[in-house]
$ cat upload_2.cif   # mmCIF, C-alpha atoms
data_model
#
loop_
_atom_site.label_atom_id
_atom_site.label_comp_id
_atom_site.auth_asym_id
_atom_site.auth_seq_id
_atom_site.Cartn_x
_atom_site.Cartn_y
_atom_site.Cartn_z
CA MET A 18 14.61 20.60 -53.02
CA HIS A 19 18.22 20.90 -51.98
CA GLU A 20 17.38 23.42 -49.28
CA LEU A 21 17.95 21.02 -46.40
CA GLY A 22 21.56 20.47 -47.48
CA VAL A 23 21.94 24.20 -48.06
CA THR A 24 20.57 24.91 -44.58
CA GLN A 25 23.00 22.39 -43.09
CA ASN A 26 25.82 24.28 -44.80
CA ILE A 27 24.55 27.56 -43.33
CA VAL A 28 24.38 26.13 -39.83
CA ALA A 29 27.86 24.63 -40.19
CA ILE A 30 29.38 27.91 -41.44
CA VAL A 31 27.81 29.94 -38.64
CA GLY A 32 28.44 27.31 -35.97
CA GLU A 33 32.12 27.22 -36.84
CA ALA A 34 32.48 30.99 -36.91
CA ALA A 35 30.67 31.36 -33.58
CA LYS A 36 33.36 29.30 -31.85
CA GLY A 37 31.07 28.01 -29.17
CA ARG A 38 29.20 31.24 -28.45
CA ARG A 39 25.44 31.28 -28.69
CA VAL A 40 24.01 32.74 -31.89
CA THR A 41 20.87 34.86 -31.64
CA ARG A 42 20.41 35.92 -35.25
CA VAL A 43 21.58 34.79 -38.67
CA THR A 44 21.24 37.02 -41.73
CA LEU A 45 21.35 35.52 -45.21
CA GLU A 46 21.26 36.96 -48.69
CA VAL A 47 19.35 34.73 -51.07
CA GLY A 48 19.03 35.80 -54.67
CA LYS A 49 15.60 35.22 -56.17
CA LEU A 50 17.37 33.54 -59.11
CA SER A 51 19.73 31.45 -56.99
CA GLY A 52 17.70 28.28 -57.39
CA VAL A 53 17.09 28.12 -53.67
CA MET A 54 13.76 28.95 -52.04
CA SER A 55 13.92 31.23 -49.02
CA GLU A 56 10.72 29.71 -47.65
CA ALA A 57 12.23 26.23 -47.75
CA ILE A 58 15.38 27.38 -45.94
CA ALA A 59 13.24 29.01 -43.27
CA PHE A 60 11.27 25.76 -43.01
CA CYS A 61 14.42 23.65 -42.58
CA PHE A 62 16.24 26.09 -40.31
CA ASP A 63 14.34 25.36 -37.09
CA VAL A 64 14.94 21.65 -37.53
CA VAL A 65 18.61 21.85 -38.45
CA VAL A 66 19.59 24.20 -35.60
CA LYS A 67 18.35 21.83 -32.91
CA GLY A 68 21.17 21.01 -30.54
CA THR A 69 23.57 23.54 -32.10
CA ALA A 70 24.83 26.97 -31.03
CA LEU A 71 22.14 28.38 -33.32
CA GLU A 72 19.18 26.85 -31.53
CA GLY A 73 16.55 29.53 -31.01
CA ALA A 74 18.32 32.00 -33.30
CA ARG A 75 16.21 34.27 -35.48
CA LEU A 76 16.66 33.75 -39.19
CA GLU A 77 16.59 36.83 -41.37
CA ILE A 78 16.61 36.33 -45.12
CA LEU A 79 17.23 39.22 -47.48
CA ASP A 80 15.72 38.24 -50.81
CA ILE A 81 17.71 39.86 -53.59
CA ASP A 82 15.86 40.79 -56.76
CA GLY A 83 17.31 39.73 -60.09
CA ARG A 84 19.05 42.39 -62.15
CA ALA A 85 21.06 42.16 -65.34
CA ARG A 86 22.91 44.34 -67.83
CA CYS A 87 22.14 43.87 -71.51
CA LYS A 88 25.12 42.97 -73.67
CA ALA A 89 23.46 44.45 -76.74
CA CYS A 90 22.33 47.88 -75.55
CA GLY A 91 23.91 48.22 -72.12
CA LEU A 92 20.65 48.80 -70.26
CA GLU A 93 20.36 47.61 -66.67
CA PHE A 94 17.01 45.92 -66.07
CA GLU A 95 15.07 43.84 -63.54
CA THR A 96 14.92 40.11 -64.29
CA GLU A 97 12.17 38.05 -62.75
CA THR A 98 13.41 34.85 -64.38
CA LEU A 99 16.73 33.54 -65.65
CA PHE A 100 15.53 34.18 -69.19
CA THR A 101 13.85 37.57 -68.91
CA PRO A 102 14.96 39.40 -72.07
CA CYS A 103 16.10 43.00 -72.12
CA PRO A 104 13.35 45.44 -73.14
CA CYS A 105 15.36 45.79 -76.39
CA GLY A 106 14.64 42.11 -77.11
CA SER A 107 18.11 40.69 -76.56
CA HIS A 108 18.57 37.53 -74.47
CA ARG A 109 22.28 38.20 -74.01
CA SER A 110 22.91 39.78 -70.66
CA THR A 111 25.20 39.66 -67.66
CA ARG A 112 23.65 38.96 -64.28
CA ILE A 113 24.42 41.76 -61.85
CA ARG A 114 22.59 40.30 -58.89
CA GLY A 115 19.95 37.80 -57.92
CA GLU A 116 22.08 34.67 -57.61
CA GLU A 117 23.47 35.35 -54.12
CA LEU A 118 23.68 32.51 -51.60
CA ILE A 119 25.54 34.17 -48.77
CA VAL A 120 25.65 34.05 -45.00
CA LYS A 121 25.88 37.77 -44.44
CA SER A 122 26.24 38.07 -40.70
CA MET A 123 25.43 36.59 -37.34
CA GLU A 124 24.61 38.10 -34.00
CA LEU A 125 26.21 36.59 -30.93
CA VAL A 126 25.38 36.80 -27.28
CA GLU A 127 27.95 39.07 -25.59
CA ALA A 128 30.78 37.08 -24.10
CA ALA A 129 30.47 37.11 -20.32
CA MET B 265 12.23 16.75 -45.00
CA CYS B 266 12.55 19.78 -47.23
CA GLY B 267 9.07 19.14 -48.49
CA HIS B 268 9.93 17.44 -51.75
CA CYS B 269 12.60 14.80 -51.95
CA GLY B 270 14.21 14.89 -48.52
CA CYS B 271 17.65 15.42 -49.93
CA GLY B 272 20.41 16.04 -47.47
CA ASP B 273 19.52 13.01 -45.42
CA GLU B 274 22.39 10.87 -46.56
CA GLN B 275 22.18 8.01 -44.14
CA ALA B 276 22.14 5.41 -46.92
CA ALA B 277 24.77 7.06 -49.11
CA ALA B 278 27.53 4.73 -50.27
CA VAL B 279 30.19 4.21 -52.92
CA LEU B 280 30.28 0.80 -54.57
CA ASN B 281 33.39 -0.17 -56.52
CA LEU B 282 31.98 -2.38 -59.27
CA GLU B 283 35.41 -3.77 -60.09
CA THR B 284 36.12 -5.09 -56.62
CA GLY B 285 32.64 -5.22 -55.13
CA LYS B 286 33.82 -3.13 -52.20
CA GLU B 287 31.16 -0.90 -50.69
CA THR B 288 32.08 2.09 -48.54
CA PRO B 289 29.45 4.07 -46.66
CA LEU B 290 29.63 7.79 -47.36
CA ALA B 291 29.67 9.15 -43.84
CA ARG B 292 28.94 12.78 -44.41
CA ASP B 293 28.29 14.57 -41.17
CA ALA B 294 26.31 17.68 -41.97
CA GLY B 295 28.35 19.63 -39.48
CA GLN B 296 31.50 18.76 -41.38
CA GLN B 297 30.10 19.56 -44.75
CA ALA B 298 30.41 23.30 -45.02
CA HIS B 299 33.91 23.62 -43.69
CA GLY B 300 36.71 21.34 -42.65
CA ASP B 301 39.49 22.60 -44.83
CA GLY B 302 40.11 25.96 -43.35
CA ASP B 303 38.44 29.19 -44.06
CA SER B 304 35.04 29.11 -45.65
CA HIS B 305 34.84 32.87 -45.79
CA ASP B 306 34.99 34.43 -49.16
CA GLN B 307 36.11 38.01 -49.25
CA ASP B 308 36.41 38.43 -52.96
CA HIS B 309 33.04 37.32 -54.24
CA ASP B 310 31.21 39.66 -56.52
CA HIS B 311 29.32 41.95 -54.26
CA GLY B 312 27.52 43.79 -57.00
CA HIS B 313 24.26 44.46 -55.23
CA GLY B 314 24.09 47.89 -53.75
CA ARG B 315 22.23 49.38 -50.88
CA GLU B 316 19.66 50.99 -53.07
CA HIS B 317 17.42 48.03 -53.74
CA GLY B 318 14.38 46.87 -51.89
CA HIS B 319 14.04 43.42 -50.43
CA ASP B 320 11.81 41.27 -48.31
CA HIS B 321 12.66 39.57 -45.08
CA ILE B 322 11.36 36.16 -44.27
CA HIS B 323 11.66 34.99 -40.75
CA ALA B 324 11.79 31.43 -39.58
CA ASP B 325 8.19 31.70 -38.47
CA GLY B 326 7.24 32.40 -42.07
CA SER B 327 6.36 36.06 -41.58
CA ARG B 328 7.63 38.39 -44.24
CA HIS B 329 7.98 42.12 -44.48
CA GLY B 330 9.50 44.36 -47.04
CA HIS B 331 12.10 47.06 -46.65
CA PRO B 332 12.56 49.89 -49.12
CA HIS B 333 16.36 49.71 -48.80
CA GLY B 334 19.10 47.43 -47.61
CA HIS B 335 19.71 48.00 -43.98
CA VAL B 336 23.13 48.26 -42.47
CA GLN B 337 23.69 46.05 -39.48
CA PRO B 338 24.86 47.92 -36.45
CA ALA B 339 28.14 46.55 -35.15
CA ARG B 340 26.45 46.08 -31.83
CA SER B 341 22.81 45.79 -30.97
CA ALA B 342 21.01 45.50 -27.67
CA ALA B 343 21.10 41.75 -28.00
CA GLY B 344 24.78 41.26 -28.67
CA GLU B 345 27.63 41.47 -31.10
CA VAL B 346 27.07 41.35 -34.85
CA VAL B 347 29.76 39.58 -36.84
CA GLU B 348 29.93 40.09 -40.59
CA LEU B 349 30.61 36.79 -42.33
CA GLU B 350 29.98 37.25 -46.07
CA ALA B 351 30.48 33.53 -46.51
CA ARG B 352 29.27 31.79 -49.64
CA ILE B 353 26.95 29.01 -48.59
CA LEU B 354 28.22 26.54 -51.20
CA ALA B 355 31.89 27.43 -50.69
CA LYS B 356 32.83 23.98 -49.42
CA ASN B 357 31.37 22.17 -52.41
CA ASP B 358 32.88 24.72 -54.80
CA ALA B 359 36.32 24.31 -53.21
CA MET B 360 36.10 20.53 -53.50
CA ALA B 361 34.94 20.86 -57.10
CA GLU B 362 37.97 23.01 -57.90
CA ARG B 363 40.16 20.35 -56.36
CA ASN B 364 38.54 17.73 -58.59
CA ARG B 365 38.97 20.04 -61.59
CA ALA B 366 42.69 20.46 -60.90
CA TRP B 367 43.02 16.71 -60.46
CA PHE B 368 41.39 16.10 -63.85
CA LYS B 369 43.43 18.81 -65.52
CA GLY B 370 46.74 17.50 -64.23
CA ARG B 371 45.90 14.08 -65.66
CA GLU B 372 44.56 15.42 -68.96
CA ILE B 373 41.21 13.82 -68.19
CA LEU B 374 38.03 15.05 -69.83
CA ALA B 375 35.29 15.03 -67.18
CA LEU B 376 31.66 15.54 -68.16
CA ASN B 377 28.65 15.83 -65.87
CA LEU B 378 25.61 14.22 -67.51
CA VAL B 379 22.30 15.52 -66.22
CA SER B 380 18.68 14.92 -67.20
CA SER B 381 15.29 13.90 -65.88
CA PRO B 382 14.99 10.24 -64.91
CA GLY B 383 14.55 8.13 -68.05
CA ALA B 384 15.90 10.60 -70.63
CA GLY B 385 18.51 8.07 -71.73
CA LYS B 386 21.76 8.99 -69.97
CA THR B 387 22.77 5.40 -69.31
CA THR B 388 21.77 4.19 -72.76
CA LEU B 389 23.79 6.97 -74.38
CA LEU B 390 26.76 6.03 -72.21
CA GLU B 391 26.47 2.31 -73.02
CA ARG B 392 26.41 3.05 -76.72
CA THR B 393 29.29 5.52 -76.47
CA ILE B 394 31.43 3.05 -74.52
CA ARG B 395 30.84 0.31 -77.11
CA ASP B 396 31.42 2.56 -80.13
CA LEU B 397 34.53 4.35 -78.85
CA LYS B 398 36.20 1.50 -76.96
CA ASP B 399 39.15 1.36 -79.37
CA GLU B 400 39.63 5.10 -79.33
CA LEU B 401 38.96 6.58 -75.88
CA LYS B 402 39.40 5.10 -72.44
CA LEU B 403 36.12 5.78 -70.67
CA TYR B 404 35.34 5.61 -66.97
CA VAL B 405 31.97 6.21 -65.38
CA VAL B 406 30.89 7.55 -62.02
CA GLU B 407 27.26 6.48 -61.68
CA GLY B 408 25.04 8.47 -59.37
CA ASP B 409 21.69 7.10 -58.27
CA GLN B 410 19.69 7.22 -55.09
CA ALA B 411 19.79 3.44 -54.84
CA THR B 412 20.75 0.21 -56.65
CA ALA B 413 23.83 -0.62 -58.71
CA ASN B 414 21.71 -1.37 -61.80
CA ASP B 415 23.14 1.42 -63.94
CA GLY B 416 26.69 0.76 -62.80
CA GLU B 417 26.28 -2.88 -63.81
CA ARG B 418 24.95 -1.84 -67.23
CA ILE B 419 28.00 0.37 -67.74
CA ARG B 420 30.35 -2.37 -66.68
CA ALA B 421 28.67 -4.81 -69.03
CA ALA B 422 29.20 -2.29 -71.82
CA GLY B 423 32.91 -2.44 -71.09
CA ALA B 424 33.86 0.56 -68.95
CA PRO B 425 35.15 0.58 -65.38
CA ALA B 426 32.46 2.09 -63.20
CA VAL B 427 31.87 3.10 -59.64
CA GLN B 428 28.36 3.45 -58.29
CA VAL B 429 27.67 6.30 -55.89
CA ASN B 430 24.35 5.85 -54.12
CA THR B 431 23.22 9.11 -52.62
CA GLY B 432 20.60 7.51 -50.38
CA SER B 433 17.79 10.02 -50.29
CA GLY B 434 20.08 12.73 -51.73
CA CYS B 435 18.83 14.07 -55.03
CA HIS B 436 22.16 15.06 -56.60
CA LEU B 437 25.87 14.30 -56.56
CA GLU B 438 28.19 16.63 -54.67
CA ALA B 439 31.87 17.22 -55.34
CA ASP B 440 33.10 15.21 -52.36
CA MET B 441 31.08 12.18 -53.50
CA VAL B 442 32.76 12.40 -56.89
CA ALA B 443 36.17 12.67 -55.20
CA ARG B 444 35.41 9.49 -53.28
CA GLY B 445 34.24 7.81 -56.44
CA LEU B 446 37.46 8.79 -58.24
CA GLN B 447 39.46 7.40 -55.37
CA GLU B 448 37.90 4.00 -56.10
CA LEU B 449 37.85 4.36 -59.86
CA ARG B 450 41.42 5.61 -60.40
CA PRO B 451 40.90 6.74 -64.00
CA SER B 452 44.07 6.66 -66.09
CA PRO B 453 45.69 9.83 -67.49
CA GLY B 454 44.29 10.95 -70.81
CA SER B 455 40.97 9.20 -70.25
CA VAL B 456 37.37 10.40 -70.24
CA VAL B 457 35.34 10.37 -67.02
CA MET B 458 31.59 10.50 -67.46
CA ILE B 459 29.76 11.46 -64.30
CA GLU B 460 26.15 10.34 -64.59
CA ASN B 461 24.28 12.48 -62.13
CA VAL B 462 21.08 11.52 -60.33
CA GLY B 463 18.11 11.91 -62.69
CA ASN B 464 16.83 15.32 -61.64
CA LEU B 465 16.69 18.61 -63.52
CA VAL B 466 16.70 20.78 -60.41
CA CYS B 467 19.30 20.14 -57.72
CA PRO B 468 22.33 19.01 -59.79
CA ALA B 469 22.41 22.44 -61.46
CA LEU B 470 23.61 24.01 -58.23
CA PHE B 471 26.46 21.66 -57.42
CA ASP B 472 29.71 21.95 -59.35
CA LEU B 473 31.50 18.60 -59.44
CA GLY B 474 34.70 19.82 -61.10
CA GLU B 475 33.61 18.79 -64.59
CA ARG B 476 34.69 20.51 -67.77
CA ALA B 477 31.09 20.75 -68.94
CA LYS B 478 27.56 19.77 -68.02
CA VAL B 479 25.72 17.91 -70.74
CA VAL B 480 21.95 18.06 -70.35
CA ILE B 481 20.02 15.29 -72.06
CA LEU B 482 16.43 16.04 -73.03
CA SER B 483 14.37 13.33 -74.67
CA VAL B 484 11.60 14.04 -77.16
CA THR B 485 9.11 12.21 -74.95
CA GLU B 486 9.40 15.14 -72.56
CA GLY B 487 8.06 18.65 -73.16
CA ASP B 488 9.95 21.04 -75.42
CA ASP B 489 9.36 23.74 -72.78
CA LYS B 490 11.60 21.98 -70.26
CA PRO B 491 14.41 24.54 -70.71
CA LEU B 492 12.00 27.23 -69.48
CA LYS B 493 10.61 25.08 -66.68
CA TYR B 494 14.08 24.13 -65.39
CA PRO B 495 16.13 27.15 -66.47
CA HIS B 496 18.93 26.68 -63.93
CA MET B 497 19.96 23.39 -65.47
CA PHE B 498 19.87 24.59 -69.06
CA LYS B 499 21.76 27.71 -68.07
CA ALA B 500 24.47 25.66 -66.36
CA ALA B 501 24.93 23.26 -69.30
CA GLU B 502 27.29 23.74 -72.24
CA MET B 503 25.63 21.09 -74.39
CA MET B 504 22.02 19.97 -74.84
CA VAL B 505 21.53 16.54 -76.36
CA LEU B 506 18.06 15.88 -77.74
CA ASN B 507 17.67 12.12 -77.40
CA LYS B 508 15.12 9.57 -78.68
CA MET B 509 14.82 11.37 -82.01
CA ASP B 510 13.55 8.08 -83.49
CA LEU B 511 10.34 8.64 -81.50
CA LEU B 512 9.76 12.13 -82.88
CA PRO B 513 6.97 11.06 -85.31
CA TYR B 514 4.89 9.83 -82.36
CA VAL B 515 5.12 12.83 -80.05
CA ASP B 516 4.33 16.53 -80.12
CA PHE B 517 7.87 17.57 -79.27
CA ASP B 518 9.26 20.30 -81.53
CA PRO B 519 13.10 20.21 -81.56
CA GLU B 520 13.30 23.74 -82.98
CA ARG B 521 11.13 25.07 -80.16
CA ALA B 522 13.19 23.16 -77.58
CA LEU B 523 16.37 24.73 -78.95
CA ALA B 524 14.81 28.20 -79.08
CA ASN B 525 13.73 27.81 -75.45
CA ALA B 526 17.19 26.61 -74.42
CA LEU B 527 18.79 29.57 -76.19
CA LYS B 528 16.53 31.98 -74.31
CA VAL B 529 17.95 30.67 -71.06
CA ASN B 530 21.48 30.13 -72.31
CA PRO B 531 22.41 31.90 -75.56
CA SER B 532 25.69 30.00 -75.81
CA ILE B 533 24.38 26.44 -75.36
CA ALA B 534 25.35 23.96 -78.10
CA SER B 535 22.94 21.22 -79.13
CA LEU B 536 22.81 17.88 -80.90
CA ARG B 537 19.98 15.58 -81.97
CA LEU B 538 20.40 11.83 -81.78
CA SER B 539 18.93 8.50 -80.87
CA ALA B 540 21.08 6.44 -78.56
CA ARG B 541 18.88 3.45 -79.46
CA THR B 542 19.10 3.56 -83.26
CA GLY B 543 22.47 5.29 -83.49
CA GLU B 544 21.13 8.18 -85.57
CA GLY B 545 23.14 11.36 -84.95
CA LEU B 546 25.77 9.69 -82.78
CA ASP B 547 28.65 10.67 -85.06
CA ALA B 548 28.20 14.33 -84.20
CA TRP B 549 28.17 13.44 -80.49
CA TYR B 550 31.40 11.49 -80.90
CA ASP B 551 32.97 14.37 -82.83
CA TRP B 552 32.02 16.71 -80.00
CA LEU B 553 33.57 14.33 -77.44
CA ARG B 554 36.76 14.03 -79.49
CA ASP B 555 36.99 17.78 -79.80
CA GLU B 556 36.46 18.35 -76.06
CA TRP B 557 38.99 15.65 -75.29
CA ALA B 558 41.56 17.23 -77.64
CA GLN B 559 41.00 20.62 -76.01
CA VAL B 560 41.60 19.15 -72.56
CA ARG B 561 44.92 17.74 -73.75
CA ASP B 562 45.90 21.10 -75.22
CA LEU B 563 44.90 22.99 -72.09
CA ALA B 564 46.66 20.75 -69.59
CA PHE B 565 49.76 22.90 -69.47
CA SER B 566 48.12 26.29 -69.88
#

$ encode --input "upload_2.cif" --output "structure tokens"
Amino acid sequence: MHELGVTQNIVAIVGEAAKGRRVTRVTLEVGKLSGVMSEAIAFCFDVVVKGTALEGARLEILDIDGRARCKACGLEFETETLFTPCPCGSHRSTRIRGEELIVKSMELVEAA
Amino acid sequence: MCGHCGCGDEQAAAVLNLETGKETPLARDAGQQAHGDGDSHDQDHDHGHGREHGHDHIHADGSRHGHPHGHVQPARSAAGEVVELEARILAKNDAMAERNRAWFKGREILALNLVSSPGAGKTTLLERTIRDLKDELKLYVVEGDQATANDGERIRAAGAPAVQVNTGSGCHLEADMVARGLQELRPSPGSVVMIENVGNLVCPALFDLGERAKVVILSVTEGDDKPLKYPHMFKAAEMMVLNKMDLLPYVDFDPERALANALKVNPSIASLRLSARTGEGLDAWYDWLRDEWAQVRDLAFS
């Protein structure tokens, strides 16, 4: 529901870094447990980029699966939700990945 | 706009100082939001994900395809130059939140971010707290709502200085809105600032405001599975207050199950049961506030 604001942040970060050059591709990492829906960002992107250096840029979103390490037994395991327990039954774990919200890279048109 | 609540369109956002009646529009240009104070790049974030995992791509046209491994961007492709950014998308809000946090800490102010669904009883709990603790703690309130100054007026009537932040169509408070609110509110050193977020169990979880703790209020007229339905919020909160306990005989809500569900999401969450209307259980809430407040005073110079 906050994806429009998030997308505006993305466009602002990339637009600033591009320093006036045209952007042809933006690559994001979005953790599946980040609380942000990739589909909604993709939906907002085309609207938000209008009139910016990113207009027409391709959006590439790398969805990152959730993974955690159990504090009880040390096992590393996949987590589909924020409360997926370790196979050993423990709910105490440290998130290793899945909460990323990162602008990874951008592709720019070669400077003339 | 984003399919649900249209947040991000902040045309009607404003800060209303309820002491002076002064209203200031919150002009928040989206293009200025993610940067403005220097470098938004973050080189030291935890980059724990490796190259070994699979992932899907979604493109703006909605098409999606999977890759068995992370792919390494070539430095140059046929189309142009690839620039690695590794910038955290919420870096601007997080930086502003840290600024708020330092501001609170330097003034020995306890700041709490109160979150819940609409109607769970945030304002009622605040009114009661202000009245009961008025001789003991100096309380200030930053009221967040999409529209109206109704809650801010209720707080003021209860006896606490308040500033109303209307987010327009925005569905949560952000750190810069709180900073603007504080600028109007000017809370005194050693006080308590209660930030009443927009009633919403989704978006406020993502936006740090600089508070010491998030307090999530869940009323017994809601479902006891809410912690599992809105796990981000219950994971982000340090304290869960179960409110409207006086209504428990009339509803199917099971407080034990609610707590068990909250602990699944957040094994370290604390919880209290009370009724802001009847006053049942409020002593424990006040003890918790006093304890947090004392800790803030002890930590100010650490």

$ residues_around --input "upload_2.cif" --residues "stretch 39-51 of chain A" --least-positions-apart "3" --cutoff "6 Å" --atoms "only C-alpha atoms" --output "list in words"
Ala70, Leu71, Ala74, Arg75, Leu76, Glu77, Ile78, Leu79, Asp80, Ile81, Asp82, Gly115, Glu116, Glu117, Leu118, Ile119, Val120, Lys121, Ser122, Met123, Glu124, Leu125 and Val126 of chain A

$ residues_around --input "upload_2.cif" --residues "A:Val66" --least-positions-apart "4" --cutoff "10 Å" --atoms "all atoms listed in the file" --output "PyMOL selection string"
chain A and resi 24-25+27-29+32+61-62+70-74

$ resolve_selection --input "upload_2.cif" --expression "the PyMOL selection byres ((chain B and resi 395-400) around 12)" --output "PyMOL selection string"
chain B and resi 388-394+401-404+418-425+454-456+540+543+546-547+549-551+553-554+557

$ closest_residue --input "upload_2.cif" --among "B:Ala469, B:Leu349, B:Leu446, B:Leu482" --to "B:Ile373" --atoms "all atoms listed in the file"
B:Leu446

$ atom_distance --input "upload_2.cif" --atom1 "atom CA of B:Ala500" --atom2 "atom CA of B:Trp367"
21.4 Å

$ resolve_selection --input "upload_2.cif" --expression "the PyMOL selection byres ((chain B and resi 508-510) around 8)" --output "PyMOL selection string"
chain B and resi 385+483-485+506-507+511-513+537-542+544

$ resolve_selection --input "upload_2.cif" --expression "the PyMOL selection byres ((chain A and resi 89-101) around 10)" --output "ChimeraX atom specification"
/A:49-52,82-88,102-116 /B:491-492,494-496,499,525-531

$ closest_residue --input "upload_2.cif" --among "B:Asp472, B:Glu348, B:Asp516, B:Glu407" --to "B:Asn430" --atoms "all atoms listed in the file"
B:Glu407

$ atom_distance --input "upload_2.cif" --atom1 "atom CA of B:Glu556" --atom2 "atom CA of B:Gly370"
15.7 Å

$ residues_around --input "upload_2.cif" --residues "A:Glu20" --least-positions-apart "2" --cutoff "8 Å" --atoms "all atoms listed in the file" --output "list in words"
Met18, Gly22, Val23, Thr24, Val53, Met54, Ala57, Ile58 and Cys61 of chain A; Cys266 of chain B
